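Before any comments, here is the structure.
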Amino acid sequence: MDWFLEPFLLGFQQRALIGGLAAGLMSSIVGVWLVLRGMSFFGDAFVHGVLPGIAAAVIFGFNPYLGAAIAALVMVGGIELIHRQTALKEDTAIGLLFVGMMALGVVIISKSNSYTGSLTSILFGDIFGVNAETLTTMLVLGVPVLVGSLLLYRPLLALSFSATKAKTLGMNPRFTHAALLVLIATAVIASFQAVGTLLVFALLVGPPATAALVTRTIPQMFVISAALAAFTVWLGLVLSYYWGTAGAATIALVAIALFFVTLAVRPLFRQKEATT
């Protein structure tokens, strides 16, 4: 038991675990809809899209959550503008803004005297530096994400299969899509200080994608995704402690490794089920 408990004996280690679990829960729940709707590329672009807002907050000394929120609004608005004003598809708009927003963020943060340290902190987070204030912010932002995912379950479920079907059922697919973007943005903004803008993507996609391999219903996918996220955060922090590696990066590595391990062993279980 000492092997399991020792990495969490100190206060900052316990806060890292709580912050990681909060980030994992939010990201894994919203990430289910990303995976079901095939929006993983959007999720990747989105976590990079908030970079200039956070970078501006670091340079000019205002709240980084506010900066991330403004950048998220600009990202979504830009995607909608390009999509509506041109014949280009949405993925083209996402690709353009993905590169543009990330480049702008690096340009802004390069004005900082501690350029390398600031950029590393934004991209990869500082999970062992999570404090009580950060945990409170994550709680305040996390509750609407979870409640919103629950309230929008039926509209998002219908939209995941077909926007046309959602419309015929009396739902508003455009509003539902916009609400999903808000949920994604809120989860990213709430999580970036703990695990960083780059590595939050691993929690958005890793646990839901792994859950999709082993579940047959969407409710099961939510439960397994959340459980896998919690396990990923715990194991990542334990391995980080004993290996002496970066906490958030180790968590992200575990999330992706679990997917490929599950992918490798899944045929063995299916073969066993077929023979019984």
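Chain labels follow the order of the structure tokens: the first chain is A, the next B, and so on; residue numbering restarts at 1 in every chain, and ligands are counted from 1 in their shown order.
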All residues 10 Å or closer to range 50-59 of chain A, only C-alpha atoms, same chain fewer than 2 positions away omitted, as a PyMOL selection string: chain A and resi 45-48+61-75+98+100-113+118-119+122-123+185+188-189+192-193+196-198
Neighbour list for range 25-27 of chain A as JSON, numbers by chain, cut-off 8 Å, only C-alpha atoms, skip fewer than 4 positions in-chain: {"A": [21, 31, 142, 145, 146, 184, 187, 188, 200, 203, 204, 226, 229, 230]}
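Every protein or nucleic acid residue with an atom no more than 10 Å from Thr176 in chain A, counting only C-alpha atoms and leaving out same-chain residues fewer than 4 positions away, appears here: A:Leu152, A:Tyr153, A:Arg154, A:Pro155, A:Leu156, A:Ala158, A:Leu159, A:Ala163, A:Ala166, A:Met171, A:Asn172, A:Leu180, A:Leu181, A:Val182.
Between Thr210 in chain A and the residues A:Leu139, A:Val265, A:Leu237, A:Ala22, the shortest atom-to-atom distance, using only C-alpha atoms, involves A:Val265.
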